[in-house]
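> So that you have it, the file is structure14.txt, and it contains compact mmCIF, C-alpha atoms (C1' of nucleotides):
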```txt
# COMPACT_ATOMS: atom_id res chain seq x y z
CA MET A 1 25.39 26.15 -14.03
CA VAL A 2 24.20 26.35 -17.60
CA SER A 3 25.18 28.90 -20.20
CA LYS A 4 22.94 28.95 -23.21
CA GLN A 5 22.07 32.03 -25.27
CA PHE A 6 24.49 33.94 -27.51
CA ASP A 7 27.06 32.48 -29.81
CA GLY A 8 29.38 35.42 -29.40
CA PRO A 9 33.15 35.46 -29.08
CA ALA A 10 33.37 34.57 -25.39
CA ALA A 11 30.64 31.98 -25.67
CA ALA A 12 33.07 29.22 -26.52
CA ASP A 13 34.93 29.79 -23.27
CA LEU A 14 31.71 29.59 -21.33
CA ARG A 15 30.77 26.36 -22.99
CA ARG A 16 34.18 24.92 -22.28
CA ALA A 17 33.96 25.87 -18.62
CA ASP A 18 30.48 24.44 -18.54
CA SER A 19 31.47 21.07 -19.87
CA LEU A 20 34.44 21.01 -17.52
CA ALA A 21 32.13 21.77 -14.63
CA ARG A 22 29.84 18.92 -15.60
CA GLU A 23 32.83 16.62 -15.87
CA ILE A 24 34.00 17.55 -12.39
CA PHE A 25 30.51 17.13 -11.07
CA SER A 26 30.32 13.64 -12.54
CA ASP A 27 33.65 12.73 -11.00
CA VAL A 28 32.83 14.04 -7.59
CA ALA A 29 29.13 13.26 -7.25
CA ASN A 30 29.55 9.59 -6.51
CA LYS A 31 29.16 7.71 -3.30
CA TRP A 32 32.74 6.57 -2.78
CA ALA A 33 34.43 9.83 -3.63
CA LEU A 34 32.26 11.72 -1.17
CA LEU A 35 32.72 9.13 1.55
CA ILE A 36 36.48 9.27 1.11
CA ILE A 37 36.46 13.06 1.35
CA GLU A 38 34.35 12.82 4.47
CA ALA A 39 36.58 10.16 6.02
CA LEU A 40 39.72 12.17 5.41
CA GLY A 41 38.34 15.27 7.03
CA ASP A 42 41.22 17.35 8.31
CA ARG A 43 43.34 14.33 9.10
CA THR A 44 46.16 12.68 7.23
CA LEU A 45 45.54 8.99 6.69
CA ARG A 46 47.42 6.08 5.22
CA PHE A 47 45.91 3.95 2.51
CA SER A 48 45.14 1.11 4.89
CA GLU A 49 43.65 3.47 7.46
CA LEU A 50 41.36 4.95 4.86
CA ARG A 51 40.39 1.46 3.85
CA THR A 52 39.07 0.73 7.32
CA GLN A 53 37.52 4.16 7.81
CA VAL A 54 35.43 4.01 4.67
CA GLN A 55 33.88 0.68 5.46
CA GLY A 56 32.56 -1.38 2.64
CA ILE A 57 34.97 0.03 0.10
CA SER A 58 37.13 -2.41 -1.82
CA HIS A 59 40.84 -2.07 -2.32
CA LYS A 60 40.26 -1.36 -5.99
CA MET A 61 37.61 1.31 -5.57
CA LEU A 62 39.74 3.06 -3.00
CA THR A 63 42.81 3.30 -5.24
CA GLN A 64 40.70 4.23 -8.21
CA ASN A 65 38.90 7.04 -6.46
CA LEU A 66 42.05 8.27 -4.75
CA ARG A 67 43.73 8.58 -8.16
CA MET A 68 40.77 10.49 -9.46
CA LEU A 69 40.74 12.81 -6.47
CA GLU A 70 44.46 13.33 -6.77
CA ARG A 71 44.13 14.10 -10.46
CA ASN A 72 41.56 16.76 -9.69
CA GLY A 73 43.78 18.25 -7.02
CA LEU A 74 41.46 17.43 -4.13
CA VAL A 75 43.81 15.19 -2.21
CA GLU A 76 47.55 15.27 -1.87
CA ARG A 77 49.40 11.99 -2.02
CA ARG A 78 52.69 11.73 -0.15
CA VAL A 79 54.89 8.69 -0.62
CA TYR A 80 57.59 7.71 1.85
CA PRO A 81 60.13 5.48 0.15
CA THR A 82 60.58 3.31 3.19
CA VAL A 83 60.14 -0.38 3.42
CA PRO A 84 57.40 -1.31 3.76
CA PRO A 85 56.13 1.65 1.78
CA ARG A 86 54.03 4.29 3.46
CA VAL A 87 51.58 6.46 1.54
CA GLU A 88 49.61 9.25 3.14
CA TYR A 89 46.65 11.17 1.88
CA THR A 90 45.52 14.64 2.88
CA LEU A 91 42.83 16.97 1.62
CA THR A 92 44.04 20.00 -0.27
CA GLU A 93 42.38 23.38 0.13
CA ALA A 94 40.01 22.52 -2.71
CA GLY A 95 39.32 19.20 -1.06
CA ARG A 96 38.45 20.85 2.22
CA GLY A 97 36.10 23.16 0.36
CA LEU A 98 34.27 20.16 -0.99
CA GLN A 99 34.36 18.52 2.39
CA ALA A 100 32.34 21.38 3.81
CA THR A 101 29.55 20.65 1.36
CA VAL A 102 29.70 16.93 2.11
CA ASP A 103 29.41 17.74 5.79
CA ALA A 104 26.27 19.68 4.94
CA MET A 105 24.93 16.64 3.12
CA CYS A 106 25.60 14.44 6.13
CA ASP A 107 23.85 16.90 8.40
CA TRP A 108 20.93 16.94 6.01
CA THR A 109 20.76 13.15 6.11
CA GLN A 110 20.57 13.16 9.89
CA ARG A 111 17.99 15.92 9.93
CA PHE A 112 15.58 14.20 7.57
CA LEU A 113 16.26 10.63 8.57
CA ASN A 114 12.84 10.17 10.14
CA HIS A 115 11.03 11.99 7.37
CA ILE A 116 12.68 9.79 4.80
CA GLU A 117 12.08 6.59 6.72
CA SER A 118 8.36 7.22 6.98
CA ALA A 119 8.16 8.38 3.36
CA ARG A 120 9.68 5.05 2.42
CA THR A 121 7.25 2.91 4.35
CA HIS A 122 4.34 4.87 2.89
CA PHE A 123 5.72 4.33 -0.58
CA ASP A 124 6.65 0.70 -0.17
CA ASN A 125 3.40 -0.45 1.37
CA PRO A 126 0.28 -1.45 -0.58
CA GLU A 127 -1.02 2.08 0.04
CA ARG A 128 -4.65 1.02 0.40
CA LEU A 129 -6.50 4.27 -0.34
CA SER A 130 -5.31 7.83 -0.62
CA MET B 131 28.18 9.59 10.93
CA VAL B 132 29.65 6.49 12.48
CA SER B 133 28.64 4.87 15.74
CA LYS B 134 31.10 2.34 16.98
CA GLN B 135 31.84 1.62 20.64
CA PHE B 136 29.45 0.08 23.14
CA ASP B 137 27.04 -2.74 22.58
CA GLY B 138 24.56 -1.41 25.06
CA PRO B 139 20.76 -1.39 24.84
CA ALA B 140 20.37 1.67 22.62
CA ALA B 141 23.26 0.63 20.42
CA ALA B 142 21.03 -1.37 18.09
CA ASP B 143 18.98 1.72 17.31
CA LEU B 144 22.10 3.66 16.52
CA ARG B 145 23.33 0.95 14.20
CA ARG B 146 19.95 0.87 12.45
CA ALA B 147 19.94 4.62 11.95
CA ASP B 148 23.49 4.39 10.75
CA SER B 149 22.80 1.82 8.08
CA LEU B 150 19.72 3.77 7.02
CA ALA B 151 21.83 6.88 6.72
CA ARG B 152 24.32 5.06 4.55
CA GLU B 153 21.52 3.74 2.42
CA ILE B 154 20.13 7.22 1.89
CA PHE B 155 23.57 8.53 1.16
CA SER B 156 24.07 5.87 -1.48
CA ASP B 157 20.73 6.70 -3.06
CA VAL B 158 21.30 10.40 -3.11
CA ALA B 159 25.01 10.71 -3.79
CA ASN B 160 24.81 9.98 -7.47
CA LYS B 161 25.17 12.26 -10.43
CA TRP B 162 21.66 12.05 -11.83
CA ALA B 163 19.81 12.39 -8.57
CA LEU B 164 21.73 15.52 -7.67
CA LEU B 165 21.32 17.02 -11.12
CA ILE B 166 17.58 16.43 -10.99
CA ILE B 167 17.35 18.06 -7.56
CA GLU B 168 19.32 21.00 -8.88
CA ALA B 169 17.20 21.28 -12.03
CA LEU B 170 13.96 21.28 -10.08
CA GLY B 171 15.08 24.04 -7.74
CA ASP B 172 12.00 25.81 -6.44
CA ARG B 173 10.06 25.26 -9.62
CA THR B 174 7.44 22.72 -10.56
CA LEU B 175 8.31 20.86 -13.74
CA ARG B 176 6.69 18.29 -15.94
CA PHE B 177 8.46 15.09 -16.83
CA SER B 178 9.29 16.28 -20.34
CA GLU B 179 10.51 19.64 -19.07
CA LEU B 180 12.82 17.94 -16.61
CA ARG B 181 14.05 15.76 -19.41
CA THR B 182 15.28 18.78 -21.35
CA GLN B 183 16.57 20.62 -18.28
CA VAL B 184 18.81 17.80 -17.16
CA GLN B 185 20.54 17.38 -20.44
CA GLY B 186 22.14 14.09 -21.21
CA ILE B 187 19.74 12.10 -19.08
CA SER B 188 17.83 9.27 -20.71
CA HIS B 189 14.12 8.70 -20.37
CA LYS B 190 14.80 5.62 -18.31
CA MET B 191 17.26 7.18 -15.88
CA LEU B 192 14.91 10.08 -15.31
CA THR B 193 11.93 7.89 -14.36
CA GLN B 194 14.11 5.62 -12.32
CA ASN B 195 15.66 8.43 -10.29
CA LEU B 196 12.36 10.25 -9.91
CA ARG B 197 10.81 7.11 -8.42
CA MET B 198 13.71 6.82 -6.05
CA LEU B 199 13.47 10.46 -5.02
CA GLU B 200 9.72 10.14 -4.58
CA ARG B 201 10.18 7.03 -2.47
CA ASN B 202 12.53 8.91 -0.19
CA GLY B 203 10.09 11.79 0.08
CA LEU B 204 12.33 14.31 -1.67
CA VAL B 205 10.04 15.10 -4.57
CA GLU B 206 6.28 15.19 -4.78
CA ARG B 207 4.64 13.70 -7.84
CA ARG B 208 1.30 15.10 -8.91
CA VAL B 209 -0.67 13.37 -11.65
CA TYR B 210 -3.43 15.11 -13.58
CA PRO B 211 -5.72 12.51 -15.11
CA THR B 212 -6.18 14.47 -18.32
CA VAL B 213 -5.50 13.32 -21.80
CA PRO B 214 -2.74 13.49 -22.69
CA PRO B 215 -1.56 12.84 -19.13
CA ARG B 216 0.28 15.54 -17.22
CA VAL B 217 2.66 14.77 -14.39
CA GLU B 218 4.36 17.44 -12.33
CA TYR B 219 7.28 17.18 -9.96
CA THR B 220 8.13 19.48 -7.08
CA LEU B 221 10.73 19.36 -4.34
CA THR B 222 9.41 18.68 -0.87
CA GLU B 223 10.84 20.41 2.17
CA ALA B 224 13.38 17.63 2.55
CA GLY B 225 14.21 17.97 -1.12
CA ARG B 226 14.83 21.68 -0.78
CA GLY B 227 17.08 20.96 2.15
CA LEU B 228 19.16 18.73 -0.03
CA GLN B 229 19.04 21.24 -2.84
CA ALA B 230 20.78 23.76 -0.63
CA THR B 231 23.73 21.41 -0.26
CA VAL B 232 23.79 20.70 -3.98
CA ASP B 233 23.87 24.42 -4.61
CA ALA B 234 26.88 24.59 -2.35
CA MET B 235 28.53 21.86 -4.40
CA CYS B 236 27.89 23.78 -7.61
CA ASP B 237 29.34 26.93 -6.10
CA TRP B 238 32.35 24.94 -5.03
CA THR B 239 32.79 23.60 -8.55
CA GLN B 240 32.81 27.11 -9.97
CA ARG B 241 35.19 28.37 -7.32
CA PHE B 242 37.81 25.71 -7.88
CA LEU B 243 37.35 25.26 -11.61
CA ASN B 244 40.70 26.75 -12.45
CA HIS B 245 42.51 25.02 -9.64
CA ILE B 246 41.13 21.69 -10.77
CA GLU B 247 41.87 22.31 -14.41
CA SER B 248 45.51 23.02 -13.75
CA ALA B 249 45.79 20.14 -11.32
CA ARG B 250 44.56 17.92 -14.10
CA THR B 251 47.03 19.06 -16.68
CA HIS B 252 49.85 18.66 -14.16
CA PHE B 253 48.68 15.15 -13.42
CA ASP B 254 48.00 14.08 -17.00
CA ASN B 255 51.27 15.30 -18.44
CA PRO B 256 54.55 13.37 -18.44
CA GLU B 257 55.49 15.44 -15.36
CA ARG B 258 59.13 15.81 -16.31
CA LEU B 259 60.75 16.53 -12.93
CA SER B 260 59.30 17.62 -9.62
C1' DC C 261 52.04 -1.92 2.53
C1' DA C 262 50.43 0.01 -1.49
C1' DG C 263 49.38 -0.58 -6.18
C1' DC C 264 48.69 -2.59 -10.64
C1' DA C 265 46.85 -6.21 -13.72
C1' DT C 266 43.73 -9.85 -14.81
C1' DC C 267 39.56 -12.17 -14.80
C1' DC C 268 34.64 -12.47 -14.37
C1' DA C 269 29.85 -11.57 -12.51
C1' DC C 270 26.71 -8.42 -12.44
C1' DT C 271 24.16 -4.28 -13.19
C1' DA C 272 23.67 0.14 -15.10
C1' DC C 273 22.37 2.25 -18.97
C1' DG C 274 20.62 3.35 -23.76
C1' DA C 275 17.60 2.00 -27.51
C1' DT C 276 13.36 0.43 -28.80
C1' DA C 277 8.74 -0.83 -28.66
C1' DC C 278 4.23 -1.13 -26.48
C1' DT C 279 0.13 0.73 -23.08
C1' DG C 280 -3.26 4.14 -20.77
C1' DC D 281 2.64 12.61 -22.56
C1' DA D 282 4.24 9.61 -19.14
C1' DG D 283 5.33 5.15 -17.96
C1' DT D 284 6.60 0.15 -18.21
C1' DA D 285 8.98 -3.76 -20.29
C1' DT D 286 12.49 -6.01 -22.82
C1' DC D 287 17.01 -6.60 -24.64
C1' DG D 288 21.80 -6.01 -25.67
C1' DT D 289 25.95 -3.88 -24.65
C1' DA D 290 29.46 -1.50 -22.08
C1' DG D 291 31.04 -0.46 -17.88
C1' DT D 292 31.43 -1.22 -12.68
C1' DG D 293 33.25 -3.37 -9.15
C1' DG D 294 34.85 -7.58 -6.47
C1' DA D 295 38.36 -11.32 -5.98
C1' DT D 296 42.79 -12.86 -6.71
C1' DG D 297 47.60 -12.86 -7.67
C1' DC D 298 51.99 -10.49 -8.71
C1' DT D 299 55.53 -6.55 -7.97
C1' DG D 300 58.62 -3.05 -5.46
```
Any chance you could put this one into structure tokens?


Amino acid sequence: MVSKQFDGPAAADLRRADSLAREIFSDVANKWALLIIEALGDRTLRFSELRTQVQGISHKMLTQNLRMLERNGLVERRVYPTVPPRVEYTLTEAGRGLQATVDAMCDWTQRFLNHIESARTHFDNPERLS
Amino acid sequence: MVSKQFDGPAAADLRRADSLAREIFSDVANKWALLIIEALGDRTLRFSELRTQVQGISHKMLTQNLRMLERNGLVERRVYPTVPPRVEYTLTEAGRGLQATVDAMCDWTQRFLNHIESARTHFDNPERLS
DNA sequence: CAGCATCCACTACGATACTG
DNA sequence: CAGTATCGTAGTGGATGCTG
């Protein structure tokens, strides 16, 4: 993911892409964004539905992250000008691509749940001797 | 990743595992942790080497995240009681499992770089008409 | 219902300085 | 060299209230 070496003509492009990549990574590699992606899955959900699916998330964080995801073209936002208003969110193709990797992370979590739990107790306890 | 329904006998265990999973997810789904995992890869690195590999990270964030990763059994920390001290970090099996998913995320970033970039400019600009 | 704005508590983070 | 501690700031995120 890093492009050092060479200051040639095309190097600037590489550096630009690199910094963009890091920016995207920073946007996307946060708890709420990933949980939203995961919650959406292949469904289409309304704002309020998402709010209950991703439990623990506040109104504010949800809007904020949805805007960010929309800006990056990962979710599509469809507004129905009815009353009361109805807004639906769906993953785009890019979003579904990311979702696949989040799925992998969830699987990983399940797989190593026990390993991690015991590692934690070892670490947290007075660890008498070696 | 969610276990609703039923309040039966084994339900408590499921809820415990669930909250643990969410805890792990929160720990791990953050920018620095993932970048450290990625930087380590299959190598063994010293603290100072990691510091330069994960550029932009502060001394403090690095120690903090390394402790967290160690606590969760994702990295192994080996201390050589020499002078000056030498501390090496390596991914454990669990860590390498996670690394695979981070790799996938990086690949994804590269794949959709252009898509995302254009989505951004569409979003950021005055968007004249539809 | 969805979203924006405001306020405020809290913590995350960087800078700095001190130990083994 | 690696780590801990302290401190100040800037940002995060929750609660609340107002709009279409």

> What does the distance between atom CA of A:Lys60 and atom CA of B:Asn244 come to in Å, to one decimal place?

28.8 Å

> Near chain B, meaning an atom within 9 Å, which residues of chain A appear when counting all atoms listed in the file? Write them as a PDB file with C-alpha atoms, in the coordinates of the input.


```pdb
ATOM      1  CA  MET A   1      25.390  26.150 -14.030  1.00  0.00           C
ATOM      2  CA  ALA A  17      33.960  25.870 -18.620  1.00  0.00           C
ATOM      3  CA  LEU A  20      34.440  21.010 -17.520  1.00  0.00           C
ATOM      4  CA  ALA A  21      32.130  21.770 -14.630  1.00  0.00           C
ATOM      5  CA  ARG A  22      29.840  18.920 -15.600  1.00  0.00           C
ATOM      6  CA  ILE A  24      34.000  17.550 -12.390  1.00  0.00           C
ATOM      7  CA  PHE A  25      30.510  17.130 -11.070  1.00  0.00           C
ATOM      8  CA  SER A  26      30.320  13.640 -12.540  1.00  0.00           C
ATOM      9  CA  ASP A  27      33.650  12.730 -11.000  1.00  0.00           C
ATOM     10  CA  VAL A  28      32.830  14.040  -7.590  1.00  0.00           C
ATOM     11  CA  ALA A  29      29.130  13.260  -7.250  1.00  0.00           C
ATOM     12  CA  ASN A  30      29.550   9.590  -6.510  1.00  0.00           C
ATOM     13  CA  LYS A  31      29.160   7.710  -3.300  1.00  0.00           C
ATOM     14  CA  TRP A  32      32.740   6.570  -2.780  1.00  0.00           C
ATOM     15  CA  LEU A  34      32.260  11.720  -1.170  1.00  0.00           C
ATOM     16  CA  GLU A  70      44.460  13.330  -6.770  1.00  0.00           C
ATOM     17  CA  ARG A  71      44.130  14.100 -10.460  1.00  0.00           C
ATOM     18  CA  ASN A  72      41.560  16.760  -9.690  1.00  0.00           C
ATOM     19  CA  GLY A  73      43.780  18.250  -7.020  1.00  0.00           C
ATOM     20  CA  LEU A  74      41.460  17.430  -4.130  1.00  0.00           C
ATOM     21  CA  ALA A  94      40.010  22.520  -2.710  1.00  0.00           C
ATOM     22  CA  GLY A  97      36.100  23.160   0.360  1.00  0.00           C
ATOM     23  CA  LEU A  98      34.270  20.160  -0.990  1.00  0.00           C
ATOM     24  CA  ALA A 100      32.340  21.380   3.810  1.00  0.00           C
ATOM     25  CA  THR A 101      29.550  20.650   1.360  1.00  0.00           C
ATOM     26  CA  VAL A 102      29.700  16.930   2.110  1.00  0.00           C
ATOM     27  CA  ALA A 104      26.270  19.680   4.940  1.00  0.00           C
ATOM     28  CA  MET A 105      24.930  16.640   3.120  1.00  0.00           C
ATOM     29  CA  CYS A 106      25.600  14.440   6.130  1.00  0.00           C
ATOM     30  CA  ASP A 107      23.850  16.900   8.400  1.00  0.00           C
ATOM     31  CA  TRP A 108      20.930  16.940   6.010  1.00  0.00           C
ATOM     32  CA  THR A 109      20.760  13.150   6.110  1.00  0.00           C
ATOM     33  CA  GLN A 110      20.570  13.160   9.890  1.00  0.00           C
ATOM     34  CA  ARG A 111      17.990  15.920   9.930  1.00  0.00           C
ATOM     35  CA  PHE A 112      15.580  14.200   7.570  1.00  0.00           C
ATOM     36  CA  LEU A 113      16.260  10.630   8.570  1.00  0.00           C
ATOM     37  CA  HIS A 115      11.030  11.990   7.370  1.00  0.00           C
ATOM     38  CA  ILE A 116      12.680   9.790   4.800  1.00  0.00           C
ATOM     39  CA  GLU A 117      12.080   6.590   6.720  1.00  0.00           C
ATOM     40  CA  SER A 118       8.360   7.220   6.980  1.00  0.00           C
ATOM     41  CA  ALA A 119       8.160   8.380   3.360  1.00  0.00           C
ATOM     42  CA  ARG A 120       9.680   5.050   2.420  1.00  0.00           C
ATOM     43  CA  THR A 121       7.250   2.910   4.350  1.00  0.00           C
ATOM     44  CA  HIS A 122       4.340   4.870   2.890  1.00  0.00           C
ATOM     45  CA  PHE A 123       5.720   4.330  -0.580  1.00  0.00           C
ATOM     46  CA  ASP A 124       6.650   0.700  -0.170  1.00  0.00           C
TER      47      ASP A 124
END
```

> Could you check which residues have any atom within 12 Å of (24.3, -5.7, -25.9), counting only C-alpha atoms (C1' of nucleotides) with coordinates taken straight from the file, and then list them as a ChimeraX atom specification?

/C:273-275 /D:287-291

> Env of D:DG283: 12 Å cut, atoms = only C-alpha atoms (C1' of nucleotides), seq-sep filter 5 positions within chain, self excluded. Answer as JSON, numbers by chain.

{"B": [177, 189, 190, 192, 193, 194, 196, 197, 209, 215, 216, 217], "C": [278, 279, 280]}

> Please tabulate, as a Markdown table, the residues of chain C that come within 8 Å of chain A, each with its closest pair of atoms and the distance in Å to one decimal, counting all atoms listed in the file and ordering rows by chain, then residue number upward.


```
| residue | atom | partner | partner_atom | distance |
| --- | --- | --- | --- | --- |
| C:DC261 | C1' | A:Pro85 | CA | 5.5 |
| C:DA262 | C1' | A:Pro85 | CA | 6.8 |
| C:DG263 | C1' | A:Thr63 | CA | 7.7 |
```

> Which chain D residues are at most 10 Å from chain B (counting all atoms listed in the file), as a PyMOL selection string?

chain D and resi 281-284

> Would you write out those residues with C-alpha atoms (C1' of nucleotides), as a PDB file, in the frame of the given file?


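Result written to result_29.pdb:
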```
ATOM      1  C1'  DC D 281       2.640  12.610 -22.560  1.00  0.00           C
ATOM      2  C1'  DA D 282       4.240   9.610 -19.140  1.00  0.00           C
ATOM      3  C1'  DG D 283       5.330   5.150 -17.960  1.00  0.00           C
ATOM      4  C1'  DT D 284       6.600   0.150 -18.210  1.00  0.00           C
TER       5       DT D 284
END
```

> Report the distance between atom C1' of D:DC298 and atom CA of A:Tyr80 in Å, rounded to one decimal place.

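That distance, rounded to one decimal, is 21.8 Å.
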
> For atom CA of A:Gly56 and atom CA of B:Asp143, determine how far apart the two atoms are, in Å to one decimal place.

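Result for atom CA of A:Gly56 versus atom CA of B:Asp143: 20.2 Å, one decimal.
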
> Determine, counting only C-alpha atoms (C1' of nucleotides), which protein, DNA and RNA residues have an atom within 10 Å of an atom of B:Glu179; residues of the same chain fewer than 6 positions away are not included. Present the result as a PDB file with C-alpha atoms, in the frame of the given file.


```pdb
ATOM      1  CA  ALA B 169      17.200  21.280 -12.030  1.00  0.00           C
ATOM      2  CA  LEU B 170      13.960  21.280 -10.080  1.00  0.00           C
ATOM      3  CA  GLU B 218       4.360  17.440 -12.330  1.00  0.00           C
ATOM      4  CA  TYR B 219       7.280  17.180  -9.960  1.00  0.00           C
TER       5      TYR B 219
END
```

> Skip C:DC267 itself and residues of its chain fewer than 3 positions away, then list as a list in words all residues within 12 Å of it, counting all atoms listed in the file.

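Close residues of C:DC267: DG294, DA295, DT296 and DG297 of chain D.
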
> May I have the selected residues written with C-alpha atoms (C1' of nucleotides), as a PDB file, keeping the file's coordinate frame?


```
ATOM      1  C1'  DG D 294      34.850  -7.580  -6.470  1.00  0.00           C
ATOM      2  C1'  DA D 295      38.360 -11.320  -5.980  1.00  0.00           C
ATOM      3  C1'  DT D 296      42.790 -12.860  -6.710  1.00  0.00           C
ATOM      4  C1'  DG D 297      47.600 -12.860  -7.670  1.00  0.00           C
TER       5       DG D 297
END
```

> Go through A:Ser19, A:Ser58, A:Thr90, A:Thr44 one by one, measure the shortest atom-to-atom distance of each to D:DG293 using only C-alpha atoms (C1' of nucleotides), and give the residue with the smallest value.

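Nearest candidate to D:DG293 out of A:Ser19, A:Ser58, A:Thr90, A:Thr44: A:Ser58.
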
> Rebuild stretch 206-218 of chain B to N, CA, C and O atoms - output it as an mmCIF file, in the frame of the given file, please.


```
data_model
loop_
_atom_site.group_PDB
_atom_site.id
_atom_site.type_symbol
_atom_site.label_atom_id
_atom_site.label_comp_id
_atom_site.auth_asym_id
_atom_site.auth_seq_id
_atom_site.Cartn_x
_atom_site.Cartn_y
_atom_site.Cartn_z
ATOM 1 N N GLU B 206 7.694 15.545 -4.766
ATOM 2 C CA GLU B 206 6.280 15.190 -4.780
ATOM 3 C C GLU B 206 5.855 15.029 -6.220
ATOM 4 O O GLU B 206 6.228 15.833 -7.078
ATOM 5 N N ARG B 207 5.081 14.012 -6.483
ATOM 6 C CA ARG B 207 4.640 13.700 -7.840
ATOM 7 C C ARG B 207 3.135 13.918 -7.915
ATOM 8 O O ARG B 207 2.380 13.277 -7.185
ATOM 9 N N ARG B 208 2.717 14.828 -8.788
ATOM 10 C CA ARG B 208 1.300 15.100 -8.910
ATOM 11 C C ARG B 208 0.843 14.722 -10.305
ATOM 12 O O ARG B 208 1.373 15.218 -11.305
ATOM 13 N N VAL B 209 -0.161 13.866 -10.368
ATOM 14 C CA VAL B 209 -0.670 13.370 -11.650
ATOM 15 C C VAL B 209 -2.015 14.000 -11.953
ATOM 16 O O VAL B 209 -2.923 13.949 -11.126
ATOM 17 N N TYR B 210 -2.141 14.592 -13.143
ATOM 18 C CA TYR B 210 -3.430 15.110 -13.580
ATOM 19 C C TYR B 210 -4.012 14.146 -14.588
ATOM 20 O O TYR B 210 -3.430 13.940 -15.655
ATOM 21 N N PRO B 211 -5.162 13.559 -14.259
ATOM 22 C CA PRO B 211 -5.720 12.510 -15.110
ATOM 23 C C PRO B 211 -6.401 13.100 -16.342
ATOM 24 O O PRO B 211 -7.552 12.833 -16.599
ATOM 25 N N THR B 212 -5.673 13.894 -17.081
ATOM 26 C CA THR B 212 -6.180 14.470 -18.320
ATOM 27 C C THR B 212 -5.667 13.620 -19.463
ATOM 28 O O THR B 212 -4.967 12.647 -19.263
ATOM 29 N N VAL B 213 -6.045 14.021 -20.674
ATOM 30 C CA VAL B 213 -5.500 13.320 -21.800
ATOM 31 C C VAL B 213 -5.078 14.348 -22.849
ATOM 32 O O VAL B 213 -5.881 15.147 -23.289
ATOM 33 N N PRO B 214 -3.781 14.410 -23.162
ATOM 34 C CA PRO B 214 -2.740 13.490 -22.690
ATOM 35 C C PRO B 214 -2.407 13.740 -21.227
ATOM 36 O O PRO B 214 -2.603 14.844 -20.732
ATOM 37 N N PRO B 215 -1.880 12.731 -20.546
ATOM 38 C CA PRO B 215 -1.560 12.840 -19.130
ATOM 39 C C PRO B 215 -0.536 13.940 -18.846
ATOM 40 O O PRO B 215 0.262 14.303 -19.707
ATOM 41 N N ARG B 216 -0.605 14.465 -17.642
ATOM 42 C CA ARG B 216 0.280 15.540 -17.220
ATOM 43 C C ARG B 216 0.766 15.195 -15.828
ATOM 44 O O ARG B 216 -0.028 14.989 -14.921
ATOM 45 N N VAL B 217 2.092 15.112 -15.686
ATOM 46 C CA VAL B 217 2.660 14.770 -14.390
ATOM 47 C C VAL B 217 3.660 15.835 -13.988
ATOM 48 O O VAL B 217 4.547 16.178 -14.771
ATOM 49 N N GLU B 218 3.484 16.367 -12.792
ATOM 50 C CA GLU B 218 4.360 17.440 -12.330
ATOM 51 C C GLU B 218 5.174 17.014 -11.130
ATOM 52 O O GLU B 218 4.680 16.293 -10.260
#
```
